[in-house]
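**Student:** Please read through the structure below; I'll follow up with questions.
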Amino acid sequence: MTFSDGTPCTAVEAAWSINWILENELPAIITYLSNVIKADAIDATTLQITLSQPVNNMISAKLLYVYIMPPHVWQELSAEGIMSYDDPSVTIGAGPYRMTEYQPDEYMILQANENYWRGRPPIDQIIYRQFANDDALIQALLSGEIDLVTAGSLPYSGIAALEADPNIKIDSGQAYQFSELSVNWTPDGTAPASLRDPVVRKAIDLSIDREQIITVAYAGYGQVGNALIPPAMGGFHNTDIGEIPYDITEANRLLDEAGYKDSNGDGIREDKDGNPMEYRLMTDDTTAYNFRIIQIISDGLAQIGISAQPLVESTDSLIARQVDFDYDLIHWEWYVDADPHFLTTVFTCAETQDGGWNDSGYCDPEYDKLVEEQATAPTLEEREQDIWKIQEIVATERPWLMLAYEEAISAYRKDRYEFDPRNPIATLKWALFYGFKKIG
Amino acid sequence: MIRFDYLLKKVLFAIITLSIVVVFNFFLFRILPGDPVKLLFRNPRLTKQVQETIRVQFGLDKPVWINSERLQAGDLAGIFDSQFGAYISNLVQGNLGVSFAQRNSVNKILSERVGRTVLLVFTGEFFAILIGMAVGMVAAWRRGTWADAAALLIGLTTWALPTFFLGIILLVLARGFLPTSGMVEPGLAKEGTLTYWLDVGRHLILPTITLAVGSASAYMLIMRSSVAEVLAEDYILTAKAKGLTTVQILRDHALKNAMLPMITIIALNLSYVVGGAIQVETVFSWPGIGRLVFDSVAKQDYPVLQGAFLLLAVSVILANLITDILYSVLDPRIKAS
Amino acid sequence: MITALKEFLTRPAAIIGTFMLGIVLVAAIFGPSLAPFDPYARIRVDPSDLFAPPDNVHLLGRDDAGKDIWSQLIYGARVSLVVGFAASLVSMGIGTTVGLVAGYYGGRVGNLLMRLVDFLMVVPDLPLMLVIIAVWGRGLFNIILVIGLLGWTYTARLVRSQTLSIKERQYILRARSIGASNQRIILRHILPQVLPLIVAQSVLDISASILAESSLSFLGLGDPNLISWGSMLNFAMDRGAVSRQAWWFLLPPGFAILWVTLSLILIGNSLEETVNPRTRSHHLFDARRMVSLILPVPQPAQPPSSAPQPIQDIK
């Protein structure tokens, strides 16, 4: 097995790459090598990795994201050097394609790797184009200017136009993505105290019309959300957590019972200190459907006497708010790793510090212990059990209200190409261009 | 001879305006809410140490305007060891900083894109001026006829039409016939070849029409009124009596006299054209400065915004200066006395 | 005043413009009772409601969230007119004050003010607005403020040049000689003279402000909670109306903007011709407001910044 330039790619190079990343503390990738002490090549096809403690998801969640690089190119460079290194002639890998041209925000050209170990790939050249405008992307596929739109790039807004075209095939499937509503209930933040009441969070959860969100925002391509771990993660997804009903009556009853009454008759309930229940409901401005989602949430909240004006801000200013806990409710869309580990760590106490991912402020040492347990659980069954428990906790405490598991969709010209029927969502896995055949 | 003090005054004004733009540009980006470092990366998981490194790297650890600490210590040169001082000294060296979002030098990002916007604006303006002058002249010549009325009606409507809406209409109409997005089809041909430029030309059609129609109305209206004014003069009668043809009169008298207001309006219109370019580049995904400004606003990429805004302002100021000079060359009243 | 109004109403452009604006005004004032649906109402739709084409119930079809477009169009008039009027009120106030001060007092302050005007005239507006809104945040108030704060330069120059010529007139000199205060002269003698022109200019300003609001909203910097024609187009573009070929979502808001700006331009130009005799002989309307400031000046050779130096105030 060799790299695209013909130099060897064996366990020796793999071990070198892992050790080099560890030595240089390469940002981002290093996080996938936590607990790794060193790597050794026993022989050309055997790699030995030494760990400080057991890691049960080493391949699915860790090594998958660690690059094996040709030492003759990279050994001279430091971590800083690599950040600014932009010579396209050294884009050498062991994959089926190699990048030959790249214009940020515009396009990337991949050429077939003649030396690929599984044989020459079926397509000679792949041009990835980035469209600044969704309509232009859809139009390009309809007119045949492009052949395939990969999953994650196809806008939900364009699906209807593609469905109507007989030459286009749409593939869809569950994906490692979901959308949620983060509730800020840390006492250190600026959110009103009423959000710290579990009854209020439950009432909010019941007031959200999830079906409506999937219809309007995701063109019907999605499932209503309930558990933290999306169903795409198979056995890790807790199927015991039932669907969260859209039940305005029950939500109103809960609030009435808990003493949140609209005493001045303005249609908005007052909290226990007599302040009106008004929340800031935010989303980021990357897509227009984000706004529709919080509009639907806001509509639901209005039904239960809570006022929440939908607000749109840029992603960065929302992140800045999250760091300072300066928000009430934020809608986020997530694309995550295939392994559930990261998602479980979001609600640990450590993540509440220094702008970590824990935006709700939920912190419980018991929960932290569970997260540690699942990471080191010796069998898959035990790990699954831990992760199911974690989802139960999240579903009752509600630091996040899970809204939807949107599907990944891709589309291609079926008059020109066909995909391996054994793998109907082959197009979704953008890296696998096998089972891909040109027609005629 | 061009009046020297007139020119000097113009150059001086351009310099003063430029300095105001430079200071204003710095100030505008210092009144931002929040901590710039927090906004630096989408990943909020930056350790305190990394944050501090970035702060030093971008000079954000220094005082904003003047370094009074160093001044009090008796170090006069140290007074400029501030964010403002760093901004000016970088600017003098032509360094516009590093993009937050792309981690690339702003100079590089801008220089990659400036040519594309220049291409778009120049082609658009070229056709706008051509069409505007031709239609305006005909309208003035056939004043009061249906041709004049039609020209006025169309001019007025295109003037009131938002540029982006015109772009959308063309986008819908031309779908399937002409490329509606980008500047060139990637991977089609090597840059610089004939095929490449032909493809650029095809991509240029819709944005150019949009930009040109938006601008042409202004030129048409000004041409019409100034030619009409000239045609009412007595010497036109004399010229006619001398047996000059209509074409000769229009070319030798009307056109010449209409040039001055035309030049002024072209310069004044430039600020509007820049705004139009942002809209056109957004609608047609033209990868120029306008699109960059739009994207950078969304990404809150302040160094890029700062650099792009400076570039646009400087271009408009310089264009105005050139117009003033042209003006003084063309206008006998400034030359004399 | 009444003769001016009579004269104004003899102009076809004025009548058409007033009629066109009248329709928009009615929509803006009586919007909620005219619109068949409430576009701010709760979203409750079936998949078939999204982008539904026009029918008997929804005259202009429905949008990406199943909302009635005809009703949104009616509601949108309000935002456009409010932004237009409020922003041009801001620029009218600043422009008039700056113009009067610079024209009447002249001197260093006047010079400085006119340099500021020159500066603002060369700075490209739209990028600046984009940047400021990005920094200040979205919202109706910010949009009005930023459009108003950047749109007063033409008014200021107009008022200044008028003030310069009026203040040399006999009756002003006489008023001054009998000891009338500067403030009184400005408010009682100069302002009433300039006011008709300011009004004409402000009508043109409203159309420019509406265009600016729609551009900002289209670029996604409007307030998404308020239905405006620009934000409707922003949604239409972002939510795939072009690939759905949903012309009923794309065309109406654009034509609405065209309709109202055109009406204001017709009115503004007719007003200007009526109140400013100098422009009467030529150009039925001016190009982007600036033309009228360049052309009618008796000595057009002097570009704006080298206009005659104001005479020092006689005390």
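All residue names refer to the structure tokens as shown: chains lettered A, B, ... in order, residues numbered from 1 in each chain, ligands numbered from 1 in order.
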Can you pull out every residue from region 154-327 of chain A that DSSP, working from the backbone, puts in helix (DSSP H, G or I), and format the result as a PDB file with N, CA and C atoms, in the first residue's frame?
**Tutor:**
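Below is the file out_30.pdb, written as the result:
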ATOM      1  N   TYR A 156     -33.025  22.079   2.020  1.00  0.00           N
ATOM      2  CA  TYR A 156     -34.379  21.527   2.123  1.00  0.00           C
ATOM      3  C   TYR A 156     -35.334  22.292   1.217  1.00  0.00           C
ATOM      4  N   SER A 157     -35.029  23.582   1.031  1.00  0.00           N
ATOM      5  CA  SER A 157     -35.928  24.416   0.240  1.00  0.00           C
ATOM      6  C   SER A 157     -35.975  23.983  -1.218  1.00  0.00           C
ATOM      7  N   GLY A 158     -34.928  23.258  -1.688  1.00  0.00           N
ATOM      8  CA  GLY A 158     -34.889  22.919  -3.097  1.00  0.00           C
ATOM      9  C   GLY A 158     -35.477  21.560  -3.410  1.00  0.00           C
ATOM     10  N   ILE A 159     -35.822  20.805  -2.378  1.00  0.00           N
ATOM     11  CA  ILE A 159     -36.233  19.416  -2.603  1.00  0.00           C
ATOM     12  C   ILE A 159     -37.460  19.314  -3.500  1.00  0.00           C
ATOM     13  N   ALA A 160     -38.439  20.184  -3.256  1.00  0.00           N
ATOM     14  CA  ALA A 160     -39.679  20.100  -4.026  1.00  0.00           C
ATOM     15  C   ALA A 160     -39.416  20.222  -5.523  1.00  0.00           C
ATOM     16  N   ALA A 161     -38.506  21.139  -5.893  1.00  0.00           N
ATOM     17  CA  ALA A 161     -38.197  21.326  -7.311  1.00  0.00           C
ATOM     18  C   ALA A 161     -37.532  20.081  -7.880  1.00  0.00           C
ATOM     19  N   LEU A 162     -36.714  19.413  -7.068  1.00  0.00           N
ATOM     20  CA  LEU A 162     -36.010  18.215  -7.547  1.00  0.00           C
ATOM     21  C   LEU A 162     -36.953  17.018  -7.636  1.00  0.00           C
ATOM     22  N   GLU A 163     -37.882  16.923  -6.678  1.00  0.00           N
ATOM     23  CA  GLU A 163     -38.832  15.806  -6.667  1.00  0.00           C
ATOM     24  C   GLU A 163     -39.640  15.781  -7.954  1.00  0.00           C
ATOM     25  N   ALA A 193     -35.207  33.515  36.442  1.00  0.00           N
ATOM     26  CA  ALA A 193     -35.165  32.377  37.366  1.00  0.00           C
ATOM     27  C   ALA A 193     -36.200  31.317  37.014  1.00  0.00           C
ATOM     28  N   SER A 194     -37.320  31.733  36.384  1.00  0.00           N
ATOM     29  CA  SER A 194     -38.377  30.770  36.117  1.00  0.00           C
ATOM     30  C   SER A 194     -37.899  29.615  35.236  1.00  0.00           C
ATOM     31  N   LEU A 195     -36.851  29.855  34.417  1.00  0.00           N
ATOM     32  CA  LEU A 195     -36.353  28.776  33.562  1.00  0.00           C
ATOM     33  C   LEU A 195     -35.677  27.671  34.373  1.00  0.00           C
ATOM     34  N   ARG A 196     -35.353  27.975  35.627  1.00  0.00           N
ATOM     35  CA  ARG A 196     -34.724  26.964  36.464  1.00  0.00           C
ATOM     36  C   ARG A 196     -35.751  25.998  37.049  1.00  0.00           C
ATOM     37  N   PRO A 198     -38.192  23.092  36.747  1.00  0.00           N
ATOM     38  CA  PRO A 198     -38.390  21.994  35.794  1.00  0.00           C
ATOM     39  C   PRO A 198     -39.794  21.981  35.184  1.00  0.00           C
ATOM     40  N   VAL A 199     -40.785  22.478  35.945  1.00  0.00           N
ATOM     41  CA  VAL A 199     -42.157  22.496  35.426  1.00  0.00           C
ATOM     42  C   VAL A 199     -42.253  23.429  34.224  1.00  0.00           C
ATOM     43  N   VAL A 200     -41.596  24.579  34.322  1.00  0.00           N
ATOM     44  CA  VAL A 200     -41.620  25.527  33.215  1.00  0.00           C
ATOM     45  C   VAL A 200     -40.956  24.922  31.987  1.00  0.00           C
ATOM     46  N   ARG A 201     -39.826  24.263  32.201  1.00  0.00           N
ATOM     47  CA  ARG A 201     -39.127  23.649  31.060  1.00  0.00           C
ATOM     48  C   ARG A 201     -39.988  22.570  30.424  1.00  0.00           C
ATOM     49  N   LYS A 202     -40.700  21.822  31.259  1.00  0.00           N
ATOM     50  CA  LYS A 202     -41.565  20.773  30.715  1.00  0.00           C
ATOM     51  C   LYS A 202     -42.708  21.409  29.913  1.00  0.00           C
ATOM     52  N   ALA A 203     -43.274  22.472  30.463  1.00  0.00           N
ATOM     53  CA  ALA A 203     -44.377  23.139  29.754  1.00  0.00           C
ATOM     54  C   ALA A 203     -43.904  23.668  28.401  1.00  0.00           C
ATOM     55  N   ILE A 204     -42.699  24.248  28.375  1.00  0.00           N
ATOM     56  CA  ILE A 204     -42.157  24.745  27.105  1.00  0.00           C
ATOM     57  C   ILE A 204     -42.015  23.585  26.126  1.00  0.00           C
ATOM     58  N   ASP A 205     -41.477  22.482  26.626  1.00  0.00           N
ATOM     59  CA  ASP A 205     -41.272  21.305  25.782  1.00  0.00           C
ATOM     60  C   ASP A 205     -42.594  20.843  25.158  1.00  0.00           C
ATOM     61  N   LEU A 206     -43.660  20.842  25.972  1.00  0.00           N
ATOM     62  CA  LEU A 206     -44.953  20.374  25.475  1.00  0.00           C
ATOM     63  C   LEU A 206     -45.593  21.349  24.486  1.00  0.00           C
ATOM     64  N   SER A 207     -45.162  22.607  24.545  1.00  0.00           N
ATOM     65  CA  SER A 207     -45.810  23.622  23.695  1.00  0.00           C
ATOM     66  C   SER A 207     -45.218  23.659  22.289  1.00  0.00           C
ATOM     67  N   ARG A 210     -43.561  20.051  17.036  1.00  0.00           N
ATOM     68  CA  ARG A 210     -42.409  19.511  16.309  1.00  0.00           C
ATOM     69  C   ARG A 210     -42.761  19.102  14.877  1.00  0.00           C
ATOM     70  N   GLU A 211     -43.965  18.555  14.697  1.00  0.00           N
ATOM     71  CA  GLU A 211     -44.377  18.142  13.342  1.00  0.00           C
ATOM     72  C   GLU A 211     -44.347  19.339  12.391  1.00  0.00           C
ATOM     73  N   GLN A 212     -44.831  20.457  12.920  1.00  0.00           N
ATOM     74  CA  GLN A 212     -44.893  21.677  12.130  1.00  0.00           C
ATOM     75  C   GLN A 212     -43.486  22.141  11.722  1.00  0.00           C
ATOM     76  N   ILE A 213     -42.539  21.995  12.644  1.00  0.00           N
ATOM     77  CA  ILE A 213     -41.148  22.366  12.359  1.00  0.00           C
ATOM     78  C   ILE A 213     -40.614  21.512  11.213  1.00  0.00           C
ATOM     79  N   ILE A 214     -40.901  20.204  11.276  1.00  0.00           N
ATOM     80  CA  ILE A 214     -40.383  19.306  10.232  1.00  0.00           C
ATOM     81  C   ILE A 214     -41.032  19.621   8.881  1.00  0.00           C
ATOM     82  N   THR A 215     -42.325  19.947   8.907  1.00  0.00           N
ATOM     83  CA  THR A 215     -43.007  20.288   7.653  1.00  0.00           C
ATOM     84  C   THR A 215     -42.434  21.569   7.044  1.00  0.00           C
ATOM     85  N   VAL A 216     -42.337  22.617   7.852  1.00  0.00           N
ATOM     86  CA  VAL A 216     -41.982  23.926   7.315  1.00  0.00           C
ATOM     87  C   VAL A 216     -40.474  24.056   7.067  1.00  0.00           C
ATOM     88  N   ALA A 217     -39.666  23.589   8.006  1.00  0.00           N
ATOM     89  CA  ALA A 217     -38.227  23.831   7.884  1.00  0.00           C
ATOM     90  C   ALA A 217     -37.524  22.730   7.105  1.00  0.00           C
ATOM     91  N   PRO A 231     -31.292   8.746  16.434  1.00  0.00           N
ATOM     92  CA  PRO A 231     -31.507   7.350  16.065  1.00  0.00           C
ATOM     93  C   PRO A 231     -30.470   6.812  15.081  1.00  0.00           C
ATOM     94  N   ALA A 232     -29.788   7.705  14.356  1.00  0.00           N
ATOM     95  CA  ALA A 232     -28.769   7.250  13.420  1.00  0.00           C
ATOM     96  C   ALA A 232     -27.655   6.503  14.146  1.00  0.00           C
ATOM     97  N   MET A 233     -27.524   6.718  15.456  1.00  0.00           N
ATOM     98  CA  MET A 233     -26.471   6.043  16.210  1.00  0.00           C
ATOM     99  C   MET A 233     -26.913   4.669  16.704  1.00  0.00           C
ATOM    100  N   GLY A 234     -27.946   4.150  16.098  1.00  0.00           N
ATOM    101  CA  GLY A 234     -28.367   2.771  16.326  1.00  0.00           C
ATOM    102  C   GLY A 234     -28.729   2.478  17.773  1.00  0.00           C
ATOM    103  N   GLY A 235     -28.098   1.446  18.336  1.00  0.00           N
ATOM    104  CA  GLY A 235     -28.427   0.968  19.676  1.00  0.00           C
ATOM    105  C   GLY A 235     -28.203   1.996  20.766  1.00  0.00           C
ATOM    106  N   PHE A 236     -27.463   3.027  20.497  1.00  0.00           N
ATOM    107  CA  PHE A 236     -27.228   4.048  21.525  1.00  0.00           C
ATOM    108  C   PHE A 236     -28.453   4.924  21.749  1.00  0.00           C
ATOM    109  N   ILE A 248     -50.844  21.580  24.343  1.00  0.00           N
ATOM    110  CA  ILE A 248     -50.997  22.921  24.903  1.00  0.00           C
ATOM    111  C   ILE A 248     -51.815  22.872  26.208  1.00  0.00           C
ATOM    112  N   THR A 249     -52.869  22.067  26.214  1.00  0.00           N
ATOM    113  CA  THR A 249     -53.735  21.979  27.392  1.00  0.00           C
ATOM    114  C   THR A 249     -52.940  21.527  28.616  1.00  0.00           C
ATOM    115  N   GLU A 250     -52.161  20.456  28.415  1.00  0.00           N
ATOM    116  CA  GLU A 250     -51.375  19.924  29.527  1.00  0.00           C
ATOM    117  C   GLU A 250     -50.337  20.965  29.975  1.00  0.00           C
ATOM    118  N   ALA A 251     -49.708  21.634  29.010  1.00  0.00           N
ATOM    119  CA  ALA A 251     -48.695  22.634  29.351  1.00  0.00           C
ATOM    120  C   ALA A 251     -49.312  23.758  30.174  1.00  0.00           C
ATOM    121  N   ASN A 252     -50.496  24.204  29.752  1.00  0.00           N
ATOM    122  CA  ASN A 252     -51.188  25.259  30.501  1.00  0.00           C
ATOM    123  C   ASN A 252     -51.550  24.783  31.899  1.00  0.00           C
ATOM    124  N   ARG A 253     -52.012  23.523  31.984  1.00  0.00           N
ATOM    125  CA  ARG A 253     -52.406  22.963  33.279  1.00  0.00           C
ATOM    126  C   ARG A 253     -51.199  22.942  34.224  1.00  0.00           C
ATOM    127  N   LEU A 254     -50.044  22.494  33.678  1.00  0.00           N
ATOM    128  CA  LEU A 254     -48.824  22.431  34.490  1.00  0.00           C
ATOM    129  C   LEU A 254     -48.455  23.804  35.050  1.00  0.00           C
ATOM    130  N   LEU A 255     -48.522  24.803  34.196  1.00  0.00           N
ATOM    131  CA  LEU A 255     -48.134  26.150  34.632  1.00  0.00           C
ATOM    132  C   LEU A 255     -49.124  26.696  35.650  1.00  0.00           C
ATOM    133  N   ASP A 256     -50.425  26.472  35.387  1.00  0.00           N
ATOM    134  CA  ASP A 256     -51.445  26.931  36.336  1.00  0.00           C
ATOM    135  C   ASP A 256     -51.194  26.319  37.707  1.00  0.00           C
ATOM    136  N   GLU A 257     -50.969  25.002  37.668  1.00  0.00           N
ATOM    137  CA  GLU A 257     -50.795  24.249  38.904  1.00  0.00           C
ATOM    138  C   GLU A 257     -49.585  24.745  39.677  1.00  0.00           C
ATOM    139  N   ALA A 288     -32.535  30.754   6.434  1.00  0.00           N
ATOM    140  CA  ALA A 288     -33.807  31.419   6.713  1.00  0.00           C
ATOM    141  C   ALA A 288     -34.747  30.490   7.466  1.00  0.00           C
ATOM    142  N   TYR A 289     -34.583  29.145   7.314  1.00  0.00           N
ATOM    143  CA  TYR A 289     -35.535  28.285   8.004  1.00  0.00           C
ATOM    144  C   TYR A 289     -35.325  28.264   9.505  1.00  0.00           C
ATOM    145  N   ASN A 290     -34.108  28.601   9.954  1.00  0.00           N
ATOM    146  CA  ASN A 290     -33.897  28.728  11.399  1.00  0.00           C
ATOM    147  C   ASN A 290     -34.906  29.686  12.001  1.00  0.00           C
ATOM    148  N   PHE A 291     -35.157  30.769  11.280  1.00  0.00           N
ATOM    149  CA  PHE A 291     -36.105  31.753  11.794  1.00  0.00           C
ATOM    150  C   PHE A 291     -37.509  31.164  11.833  1.00  0.00           C
ATOM    151  N   ARG A 292     -37.872  30.383  10.799  1.00  0.00           N
ATOM    152  CA  ARG A 292     -39.193  29.754  10.806  1.00  0.00           C
ATOM    153  C   ARG A 292     -39.331  28.825  12.014  1.00  0.00           C
ATOM    154  N   ILE A 293     -38.244  28.127  12.356  1.00  0.00           N
ATOM    155  CA  ILE A 293     -38.299  27.206  13.499  1.00  0.00           C
ATOM    156  C   ILE A 293     -38.608  27.970  14.782  1.00  0.00           C
ATOM    157  N   ILE A 294     -37.888  29.056  15.030  1.00  0.00           N
ATOM    158  CA  ILE A 294     -38.163  29.752  16.290  1.00  0.00           C
ATOM    159  C   ILE A 294     -39.489  30.506  16.224  1.00  0.00           C
ATOM    160  N   GLN A 295     -39.930  30.816  15.000  1.00  0.00           N
ATOM    161  CA  GLN A 295     -41.274  31.403  14.889  1.00  0.00           C
ATOM    162  C   GLN A 295     -42.321  30.395  15.372  1.00  0.00           C
ATOM    163  N   ILE A 296     -42.170  29.150  14.955  1.00  0.00           N
ATOM    164  CA  ILE A 296     -43.124  28.110  15.368  1.00  0.00           C
ATOM    165  C   ILE A 296     -43.049  27.894  16.882  1.00  0.00           C
ATOM    166  N   ILE A 297     -41.825  27.908  17.423  1.00  0.00           N
ATOM    167  CA  ILE A 297     -41.678  27.768  18.878  1.00  0.00           C
ATOM    168  C   ILE A 297     -42.350  28.939  19.588  1.00  0.00           C
ATOM    169  N   SER A 298     -42.110  30.132  19.057  1.00  0.00           N
ATOM    170  CA  SER A 298     -42.699  31.328  19.650  1.00  0.00           C
ATOM    171  C   SER A 298     -44.230  31.263  19.606  1.00  0.00           C
ATOM    172  N   ASP A 299     -44.770  30.782  18.480  1.00  0.00           N
ATOM    173  CA  ASP A 299     -46.222  30.625  18.365  1.00  0.00           C
ATOM    174  C   ASP A 299     -46.751  29.700  19.454  1.00  0.00           C
ATOM    175  N   GLY A 300     -46.029  28.595  19.692  1.00  0.00           N
ATOM    176  CA  GLY A 300     -46.441  27.637  20.716  1.00  0.00           C
ATOM    177  C   GLY A 300     -46.396  28.255  22.103  1.00  0.00           C
ATOM    178  N   LEU A 301     -45.327  29.003  22.373  1.00  0.00           N
ATOM    179  CA  LEU A 301     -45.180  29.631  23.693  1.00  0.00           C
ATOM    180  C   LEU A 301     -46.301  30.639  23.929  1.00  0.00           C
ATOM    181  N   ALA A 302     -46.690  31.339  22.877  1.00  0.00           N
ATOM    182  CA  ALA A 302     -47.783  32.311  23.020  1.00  0.00           C
ATOM    183  C   ALA A 302     -49.060  31.609  23.477  1.00  0.00           C
ATOM    184  N   GLN A 303     -49.242  30.363  23.028  1.00  0.00           N
ATOM    185  CA  GLN A 303     -50.434  29.598  23.409  1.00  0.00           C
ATOM    186  C   GLN A 303     -50.471  29.275  24.898  1.00  0.00           C
ATOM    187  N   THR A 315     -23.915  33.717  14.175  1.00  0.00           N
ATOM    188  CA  THR A 315     -23.432  32.577  14.960  1.00  0.00           C
ATOM    189  C   THR A 315     -22.421  33.035  16.008  1.00  0.00           C
ATOM    190  N   ASP A 316     -21.506  33.903  15.591  1.00  0.00           N
ATOM    191  CA  ASP A 316     -20.461  34.313  16.513  1.00  0.00           C
ATOM    192  C   ASP A 316     -20.998  35.074  17.704  1.00  0.00           C
ATOM    193  N   SER A 317     -21.980  35.931  17.456  1.00  0.00           N
ATOM    194  CA  SER A 317     -22.462  36.694  18.607  1.00  0.00           C
ATOM    195  C   SER A 317     -23.278  35.775  19.515  1.00  0.00           C
ATOM    196  N   LEU A 318     -23.900  34.743  18.947  1.00  0.00           N
ATOM    197  CA  LEU A 318     -24.599  33.775  19.797  1.00  0.00           C
ATOM    198  C   LEU A 318     -23.610  32.978  20.640  1.00  0.00           C
ATOM    199  N   ILE A 319     -22.474  32.626  20.030  1.00  0.00           N
ATOM    200  CA  ILE A 319     -21.461  31.892  20.796  1.00  0.00           C
ATOM    201  C   ILE A 319     -20.936  32.759  21.930  1.00  0.00           C
ATOM    202  N   ALA A 320     -20.725  34.045  21.625  1.00  0.00           N
ATOM    203  CA  ALA A 320     -20.272  34.959  22.675  1.00  0.00           C
ATOM    204  C   ALA A 320     -21.298  35.022  23.806  1.00  0.00           C
ATOM    205  N   ARG A 321     -22.586  35.020  23.448  1.00  0.00           N
ATOM    206  CA  ARG A 321     -23.640  35.017  24.468  1.00  0.00           C
ATOM    207  C   ARG A 321     -23.589  33.752  25.293  1.00  0.00           C
ATOM    208  N   GLN A 322     -23.356  32.636  24.588  1.00  0.00           N
ATOM    209  CA  GLN A 322     -23.331  31.346  25.267  1.00  0.00           C
ATOM    210  C   GLN A 322     -22.192  31.301  26.283  1.00  0.00           C
ATOM    211  N   VAL A 323     -21.039  31.842  25.893  1.00  0.00           N
ATOM    212  CA  VAL A 323     -19.887  31.858  26.784  1.00  0.00           C
ATOM    213  C   VAL A 323     -20.220  32.623  28.066  1.00  0.00           C
ATOM    214  N   ASP A 324     -20.970  33.726  27.912  1.00  0.00           N
ATOM    215  CA  ASP A 324     -21.317  34.551  29.081  1.00  0.00           C
ATOM    216  C   ASP A 324     -22.643  34.140  29.716  1.00  0.00           C
TER     217      ASP A 324
END
**Student:** What are the residues of chain C lining chain A at 10 Å or less? Count only C-alpha atoms, and put the answer as an MDAnalysis selection string.
**Tutor:** chainID C and resid 40:51 64:66 134 137:139 220:225 234:245
**Student:** Could you list the residues in chain C lying within 6 Å of chain B, using only C-alpha atoms, and format the result as a list of chain:residue names?
**Tutor:**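 Matching residues, ligands excluded from the count: C:Phe119, C:Val123, C:Pro124, C:Leu126, C:Val135, C:Gly254, C:Leu258, C:Thr261, C:Leu262, C:His283, C:Ala287.
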**Student:** Mind pulling up the distance from CA of Glu125 (chain B) to CA of Ala212 (chain B)?
**Tutor:**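 Between CA of Ala212 (chain B) and CA of Glu125 (chain B) the gap works out to 5.9 Å.
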**Student:** So which residues touch Ile132 (chain C) within 8 Å, counting only C-alpha atoms, skipping near sequence neighbours fewer than 4 positions away, as a PyMOL selection string?
**Tutor:** (chain B and resi 28) or (chain C and resi 128+136+146)
**Student:** Write the residues of the selection above to a file with C-alpha atoms, as an mmCIF file, in the first residue's frame.
**Tutor:**
data_model
loop_
_atom_site.group_PDB
_atom_site.id
_atom_site.type_symbol
_atom_site.label_atom_id
_atom_site.label_comp_id
_atom_site.auth_asym_id
_atom_site.auth_seq_id
_atom_site.Cartn_x
_atom_site.Cartn_y
_atom_site.Cartn_z
ATOM 1 C CA LEU B 28 -16.076 52.106 13.732
ATOM 2 C CA LEU C 128 -21.320 51.512 5.537
ATOM 3 C CA TRP C 136 -25.403 47.772 16.200
ATOM 4 C CA VAL C 146 -28.619 54.528 10.099
#
**Student:** Restricting the calculation to only C-alpha atoms, which member of B:Val56, B:Ile209, B:Val121, B:Val184 is positioned closest to chain A?
**Tutor:**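 Closest residue, counting only C-alpha atoms: B:Val184.
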**Student:** Choose the residue, out of B:Gln248, B:Gln83, B:Gln72, B:Ser285, that has the smallest atom-to-atom separation from chain A; count only C-alpha atoms.
**Tutor:**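 The shortest atom-to-atom distance to chain A comes from B:Ser285.
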**Student:** What separation in Å, quoted to one decimal, exists between CA of His341 (chain A) and CA of Ala61 (chain A)?
**Tutor:**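 Interatomic distance here is 7.7 Å.
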**Student:** Hey, what's within 12 Å of Phe19 (chain C) if we count only C-alpha atoms and toss same-chain stuff fewer than 4 positions away? As a list in words, please?
**Tutor:**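 Those residues are Leu9, Pro12, Ala13, Ala14, Ile15, Ile23, Val24, Leu25, Val26, Trp259, Val260, Leu262, Ser263, Leu264, Leu266 and Ile267 of chain C.
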**Student:** Deliver the residues from the most recent selection as a file, using C-alpha atoms, as a short mmCIF file (atom, residue, chain, number, x, y, z; two decimals), in the first residue's frame.
**Tutor:**
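Produced file out10.cif, reproduced below:
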data_model
loop_
_atom_site.label_atom_id
_atom_site.label_comp_id
_atom_site.auth_asym_id
_atom_site.auth_seq_id
_atom_site.Cartn_x
_atom_site.Cartn_y
_atom_site.Cartn_z
CA LEU C 9 -51.99 69.42 -9.19
CA PRO C 12 -49.92 64.74 -14.72
CA ALA C 13 -46.87 63.27 -13.00
CA ALA C 14 -48.03 64.76 -9.72
CA ILE C 15 -51.55 63.42 -10.05
CA ILE C 23 -53.15 53.47 -2.46
CA VAL C 24 -50.06 52.57 -0.44
CA LEU C 25 -51.11 54.94 2.34
CA VAL C 26 -54.52 53.32 2.54
CA TRP C 259 -44.64 51.25 -7.04
CA VAL C 260 -44.03 53.29 -3.91
CA LEU C 262 -41.92 55.61 -8.33
CA SER C 263 -44.87 57.42 -6.78
CA LEU C 264 -42.62 59.38 -4.45
CA LEU C 266 -43.11 61.59 -9.35
CA ILE C 267 -44.44 63.65 -6.46
#
